[in-house]
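Dumped upload06.pdb below, it's PDB, C-alpha atoms:
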```
ATOM      1  CA  MET A1027      87.034 115.631 128.412
ATOM      2  CA  THR A1028      88.838 115.042 131.672
ATOM      3  CA  ARG A1029      89.863 112.118 133.752
ATOM      4  CA  GLN A1030      87.325 111.620 136.474
ATOM      5  CA  ASP A1031      89.625 109.620 138.762
ATOM      6  CA  LEU A1032      92.067 112.518 139.231
ATOM      7  CA  PRO A1033      91.413 115.222 141.805
ATOM      8  CA  LEU A1034      90.257 118.485 140.248
ATOM      9  CA  PRO A1035      93.602 120.374 140.588
ATOM     10  CA  ARG A1036      95.515 117.516 138.888
ATOM     11  CA  ARG A1037      92.937 117.319 136.078
ATOM     12  CA  ALA A1038      93.241 121.068 135.517
ATOM     13  CA  ALA A1039      97.050 120.805 135.512
ATOM     14  CA  ALA A1040      96.946 117.958 132.981
ATOM     15  CA  LEU A1041      94.681 119.973 130.663
ATOM     16  CA  ALA A1042      96.777 123.125 131.103
ATOM     17  CA  GLY A1043      99.884 121.112 130.223
ATOM     18  CA  ALA A1044      98.281 119.820 127.022
ATOM     19  CA  ARG A1045      97.237 123.348 126.049
ATOM     20  CA  SER A1046     100.743 124.623 126.778
ATOM     21  CA  ILE A1047     102.297 121.957 124.541
ATOM     22  CA  LYS A1048      99.903 122.844 121.716
ATOM     23  CA  ARG A1049     100.744 126.529 122.140
ATOM     24  CA  VAL A1050     104.484 125.834 121.910
ATOM     25  CA  TYR A1051     104.063 123.821 118.706
ATOM     26  CA  LEU A1052     101.774 126.465 117.200
ATOM     27  CA  THR A1053     104.381 129.137 117.948
ATOM     28  CA  ALA A1054     107.158 126.989 116.471
ATOM     29  CA  GLY A1055     105.027 126.344 113.377
ATOM     30  CA  LEU A1056     104.370 130.060 112.935
ATOM     31  CA  ILE A1057     108.083 130.832 113.216
ATOM     32  CA  MET A1058     109.174 128.070 110.821
ATOM     33  CA  GLY A1059     106.449 128.938 108.311
ATOM     34  CA  ALA A1060     107.319 132.641 108.510
ATOM     35  CA  VAL A1061     111.015 131.941 107.919
ATOM     36  CA  TRP A1062     110.178 129.815 104.889
ATOM     37  CA  ALA A1063     107.747 132.436 103.513
ATOM     38  CA  TRP A1064     110.245 135.248 104.178
ATOM     39  CA  ASN A1065     112.757 133.468 101.932
ATOM     40  CA  ALA A1066     110.221 132.709  99.175
ATOM     41  CA  GLY A1067     111.646 132.644  95.686
ATOM     42  CA  GLU A1068     115.154 131.688  96.756
ATOM     43  CA  PRO A1069     116.850 128.554  95.430
ATOM     44  CA  VAL A1070     116.162 125.287  97.267
ATOM     45  CA  TRP A1071     119.753 125.027  98.502
ATOM     46  CA  GLU A1072     119.449 128.436 100.200
ATOM     47  CA  HIS A1073     116.237 127.311 101.886
ATOM     48  CA  ALA A1074     118.040 124.173 103.037
ATOM     49  CA  LEU A1075     120.966 126.134 104.426
ATOM     50  CA  LYS A1076     118.929 128.763 106.290
ATOM     51  CA  PHE A1077     116.264 126.408 107.556
ATOM     52  CA  GLY A1078     118.880 123.802 108.498
ATOM     53  CA  LEU A1079     120.799 126.362 110.531
ATOM     54  CA  LEU A1080     117.617 127.367 112.304
ATOM     55  CA  LEU A1081     116.715 123.752 113.091
ATOM     56  CA  PHE A1082     120.101 122.211 113.759
ATOM     57  CA  VAL A1083     121.653 125.109 115.643
ATOM     58  CA  GLY A1084     118.542 126.159 117.555
ATOM     59  CA  VAL A1085     117.699 122.737 118.993
ATOM     60  CA  PRO A1086     121.212 121.956 120.281
ATOM     61  CA  LEU A1087     121.400 125.435 121.827
ATOM     62  CA  LEU A1088     118.111 124.830 123.630
ATOM     63  CA  HIS A1089     119.470 121.477 124.785
ATOM     64  CA  LEU A1090     122.646 123.160 126.093
ATOM     65  CA  VAL A1091     120.631 125.836 127.912
ATOM     66  CA  GLN A1092     118.466 123.138 129.478
ATOM     67  CA  LYS A1093     121.531 121.196 130.665
ATOM     68  CA  ARG A1094     123.139 124.314 132.139
ATOM     69  CA  ARG A1095     119.950 125.318 133.949
ATOM     70  CA  THR A1096     119.688 121.928 135.605
ATOM     71  CA  ALA A1097     123.417 121.454 136.327
ATOM     72  CA  GLY A1098     123.973 120.472 139.935
ATOM     73  CA  ARG A1099     120.317 119.636 140.467
ATOM     74  CA  PRO A1100     118.749 116.227 140.148
ATOM     75  CA  GLN A1101     116.961 115.687 136.840
ATOM     76  CA  GLU A1102     113.243 115.437 137.423
ATOM     77  CA  GLY A1103     110.502 115.511 134.891
ATOM     78  CA  PRO A1104     110.634 115.472 131.122
ATOM     79  CA  ARG A1105     113.547 116.714 129.053
ATOM     80  CA  LEU A1106     114.191 117.036 125.362
ATOM     81  CA  SER A1107     115.906 114.114 123.655
ATOM     82  CA  LEU A1108     118.446 115.792 121.392
ATOM     83  CA  ALA A1109     118.821 112.823 119.038
ATOM     84  CA  ARG A1110     115.068 112.405 118.594
ATOM     85  CA  ALA A1111     114.500 116.118 118.066
ATOM     86  CA  VAL A1112     117.286 116.342 115.475
ATOM     87  CA  ALA A1113     115.905 113.290 113.636
ATOM     88  CA  ALA A1114     112.373 114.759 113.593
ATOM     89  CA  LYS A1115     113.659 118.104 112.355
ATOM     90  CA  GLY A1116     115.696 116.360 109.658
ATOM     91  CA  VAL A1117     112.581 114.597 108.382
ATOM     92  CA  LEU A1118     110.689 117.901 108.470
ATOM     93  CA  LEU A1119     113.444 119.670 106.532
ATOM     94  CA  ALA A1120     113.609 116.886 103.929
ATOM     95  CA  ALA A1121     109.831 116.974 103.436
ATOM     96  CA  ALA A1122     109.828 120.767 103.092
ATOM     97  CA  LEU A1123     112.672 120.686 100.572
ATOM     98  CA  LEU A1124     110.987 117.959  98.545
ATOM     99  CA  ALA A1125     107.707 119.888  98.531
ATOM    100  CA  SER A1126     109.521 123.073  97.530
ATOM    101  CA  TYR A1127     111.276 121.265  94.701
ATOM    102  CA  LEU A1128     108.027 119.726  93.460
ATOM    103  CA  LEU A1129     106.210 123.070  93.632
ATOM    104  CA  ARG A1130     109.049 125.098  92.064
ATOM    105  CA  SER A1131     107.035 125.879  88.926
ATOM    106  CA  THR A1132     103.841 126.694  90.847
ATOM    107  CA  PRO A1133     103.197 130.371  91.508
ATOM    108  CA  HIS A1134     103.752 131.056  95.211
ATOM    109  CA  GLY A1135     104.880 127.457  95.780
ATOM    110  CA  ASP A1136     107.046 128.497  98.739
ATOM    111  CA  LEU A1137     104.027 130.019 100.442
ATOM    112  CA  TYR A1138     102.235 126.671 100.144
ATOM    113  CA  VAL A1139     105.256 124.987 101.712
ATOM    114  CA  ALA A1140     105.265 127.582 104.520
ATOM    115  CA  ALA A1141     101.580 126.899 105.198
ATOM    116  CA  GLY A1142     102.310 123.160 105.129
ATOM    117  CA  LEU A1143     105.102 123.617 107.672
ATOM    118  CA  LEU A1144     102.769 125.544 109.959
ATOM    119  CA  ALA A1145     100.074 122.879 109.630
ATOM    120  CA  ALA A1146     102.501 119.985 110.109
ATOM    121  CA  ILE A1147     104.263 121.441 113.140
ATOM    122  CA  ALA A1148     101.123 122.735 114.855
ATOM    123  CA  GLY A1149      99.013 119.678 113.999
ATOM    124  CA  ILE A1150     101.413 116.746 114.195
ATOM    125  CA  GLY A1151     103.900 118.158 116.717
ATOM    126  CA  PRO A1152     101.680 117.728 119.800
ATOM    127  CA  LEU A1153     100.877 114.173 118.720
ATOM    128  CA  LEU A1154     104.587 113.303 118.431
ATOM    129  CA  HIS A1155     105.626 115.225 121.531
ATOM    130  CA  ARG A1156     105.737 112.175 123.790
ATOM    131  CA  HIS A1157     108.286 110.608 121.429
ATOM    132  CA  LEU A1158     110.569 113.670 121.466
ATOM    133  CA  VAL A1159     111.021 113.936 125.217
ATOM    134  CA  VAL A1160     112.414 111.572 127.799
ATOM    135  CA  GLY A1161     110.671 111.088 131.135
ATOM    136  CA  TRP A1162     107.284 112.404 130.028
ATOM    137  CA  ARG A1163     104.202 110.472 131.088
ATOM    138  CA  PRO A1164     100.979 111.805 129.634
ATOM    139  CA  HIS A1165      97.721 111.631 131.511
ATOM    140  CA  ARG A1166      95.203 109.599 129.553
ATOM    141  CA  LEU A1167      92.202 111.728 128.940
ATOM    142  CA  GLN A1168      88.872 109.999 128.777
TER     143      GLN A1168
END
```

This structure in structure tokens:
Amino acid sequence: MTRQDLPLPRRAAALAGARSIKRVYLTAGLIMGAVWAWNAGEPVWEHALKFGLLLFVGVPLLHLVQKRRTAGRPQEGPRLSLARAVAAKGVLLAAALLASYLLRSTPHGDLYVAAGLLAAIAGIGPLLHRHLVVGWRPHRLQ
């Protein structure tokens, strides 16, 4: 469904932007799920260390790259809120570790956690996206 009050090019851009956001979260979910599945069978603390490094080093590096790219230019448009992204990733890591701990005696429990990470990131990520960025105004689709 599209907004009828927007000119056709703006409606198409709004829909393309929503599809792009979903694609980014799907890719992130695939990567995070693959990392968790790759390390299946390892102790929970090793999962925490590796996954935490991926989340808490990767996001600040992306933030730094974004700041350097826009240095000297006026900030326009949406940008990642580092504090919000780190908080969301912390909650995600805690949930994954808890699920891994609870499923430790289940055969292939880590694979279930990996699938859960993929589903959570790809499914919930686009819904929470507007809370993770600053300066983003979504178009209301009707």

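For the choices A:Ile1047, A:Val1061, A:Gly1149, A:Gly1055, the atom-to-atom distance to Asp1136 in chain A is smallest for A:Val1061 when using all atoms listed in the file.
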
Item checked: Point-to-point distance from CA of Ile1147 in chain A to CA of Ser1131 in chain A, Å rounded to tenths ->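 Between CA of Ile1147 in chain A and CA of Ser1131 in chain A the gap works out to 24.8 Å.
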
Next item on the list: Using all atoms listed in the file, find the one residue out of A:Lys1115, A:Arg1045, A:Arg1099, A:His1089 that sits nearest to Ala1074 in chain A.
Entry: A:Lys1115

Margin query: Between A:Lys1093, A:Lys1048, A:Arg1105, A:Lys1076, which residue has the minimum interatomic distance to Ile1150 in chain A, considering all atoms listed in the file?
Written below: A:Lys1048

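Coordinates place CA of Ala1148 in chain A at a distance of 15.5 Å from CA of Val1117 in chain A.
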
Note to self: Going by the chain IDs and residue numbers used in this file, which residues fall under the PyMOL selection byres ((chain A and resi 1082) around 12)? Write them as a PyMOL selection string.
What the structure shows: chain A and resi 1074-1081+1083-1089+1108-1109+1111-1119

Checklist line | Among the residues A:Leu1123, A:Leu1137, A:Leu1128, A:Val1160, the one that comes closest to Trp1071 in chain A [using only C-alpha atoms] | finding: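 When distances to Trp1071 in chain A are compared using only C-alpha atoms, the smallest one comes from A:Leu1123.
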
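Here CA of Val1159 in chain A stands at a distance of 12.6 Å from CA of Gln1092 in chain A.
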
Note to self: Take the PyMOL selection byres ((chain A and resi 1067) around 10), run it mentally on this structure, and tell me the resulting residues as a ChimeraX atom specification.
What the structure shows: /A:1062-1066,1068-1070,1072-1073,1126,1130,1133-1137

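Checking A:Arg1095, A:Pro1104, A:Gly1059, A:Leu1158 one by one against Tyr1138 in chain A, counting all atoms listed in the file, you find the shortest gap at A:Gly1059.
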
Place N, CA, C and O atoms on range 1118-1136 of chain A and deliver the coordinates as a CSV table (one decimal), keeping the file's coordinate frame.
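The file below, selection_32.csv, is the result:
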```
chain,number,residue,atom,x,y,z
A,1118,LEU,N,111.5,116.7,108.8
A,1118,LEU,CA,110.7,117.9,108.5
A,1118,LEU,C,111.4,118.7,107.4
A,1118,LEU,O,110.8,119.2,106.4
A,1119,LEU,N,112.7,118.9,107.5
A,1119,LEU,CA,113.4,119.7,106.5
A,1119,LEU,C,113.4,119.0,105.2
A,1119,LEU,O,113.2,119.6,104.1
A,1120,ALA,N,113.6,117.6,105.2
A,1120,ALA,CA,113.6,116.9,103.9
A,1120,ALA,C,112.2,117.0,103.2
A,1120,ALA,O,112.2,117.2,102.0
A,1121,ALA,N,111.2,116.9,104.0
A,1121,ALA,CA,109.8,117.0,103.4
A,1121,ALA,C,109.6,118.4,102.9
A,1121,ALA,O,109.0,118.5,101.8
A,1122,ALA,N,110.0,119.4,103.6
A,1122,ALA,CA,109.8,120.8,103.1
A,1122,ALA,C,110.6,121.0,101.8
A,1122,ALA,O,110.1,121.6,100.9
A,1123,LEU,N,111.9,120.5,101.8
A,1123,LEU,CA,112.7,120.7,100.6
A,1123,LEU,C,112.1,119.9,99.4
A,1123,LEU,O,112.1,120.4,98.3
A,1124,LEU,N,111.6,118.7,99.6
A,1124,LEU,CA,111.0,118.0,98.5
A,1124,LEU,C,109.7,118.7,98.0
A,1124,LEU,O,109.5,118.8,96.8
A,1125,ALA,N,108.9,119.2,98.9
A,1125,ALA,CA,107.7,119.9,98.5
A,1125,ALA,C,108.1,121.2,97.8
A,1125,ALA,O,107.4,121.5,96.8
A,1126,SER,N,109.1,121.9,98.2
A,1126,SER,CA,109.5,123.1,97.5
A,1126,SER,C,110.0,122.8,96.1
A,1126,SER,O,109.7,123.5,95.2
A,1127,TYR,N,110.8,121.7,96.0
A,1127,TYR,CA,111.3,121.3,94.7
A,1127,TYR,C,110.1,120.9,93.8
A,1127,TYR,O,110.1,121.3,92.6
A,1128,LEU,N,109.2,120.1,94.3
A,1128,LEU,CA,108.0,119.7,93.5
A,1128,LEU,C,107.1,120.9,93.1
A,1128,LEU,O,106.5,120.9,92.0
A,1129,LEU,N,107.1,121.9,93.9
A,1129,LEU,CA,106.2,123.1,93.6
A,1129,LEU,C,107.0,124.2,93.0
A,1129,LEU,O,106.5,125.4,93.0
A,1130,ARG,N,108.2,124.0,92.6
A,1130,ARG,CA,109.0,125.1,92.1
A,1130,ARG,C,108.4,125.9,90.9
A,1130,ARG,O,108.7,127.0,90.7
A,1131,SER,N,107.6,125.2,90.1
A,1131,SER,CA,107.0,125.9,88.9
A,1131,SER,C,105.6,126.4,89.2
A,1131,SER,O,105.0,127.1,88.4
A,1132,THR,N,105.2,126.2,90.4
A,1132,THR,CA,103.8,126.7,90.8
A,1132,THR,C,104.0,128.1,91.4
A,1132,THR,O,104.9,128.4,92.2
A,1133,PRO,N,103.1,129.0,90.9
A,1133,PRO,CA,103.2,130.4,91.5
A,1133,PRO,C,103.0,130.3,93.0
A,1133,PRO,O,102.1,129.6,93.5
A,1134,HIS,N,103.8,131.0,93.7
A,1134,HIS,CA,103.8,131.1,95.2
A,1134,HIS,C,103.9,129.7,95.9
A,1134,HIS,O,103.4,129.4,96.9
A,1135,GLY,N,104.7,128.8,95.2
A,1135,GLY,CA,104.9,127.5,95.8
A,1135,GLY,C,105.5,127.5,97.2
A,1135,GLY,O,105.1,126.7,98.0
A,1136,ASP,N,106.4,128.4,97.4
A,1136,ASP,CA,107.0,128.5,98.7
A,1136,ASP,C,106.0,128.9,99.8
A,1136,ASP,O,106.2,128.5,101.0
```
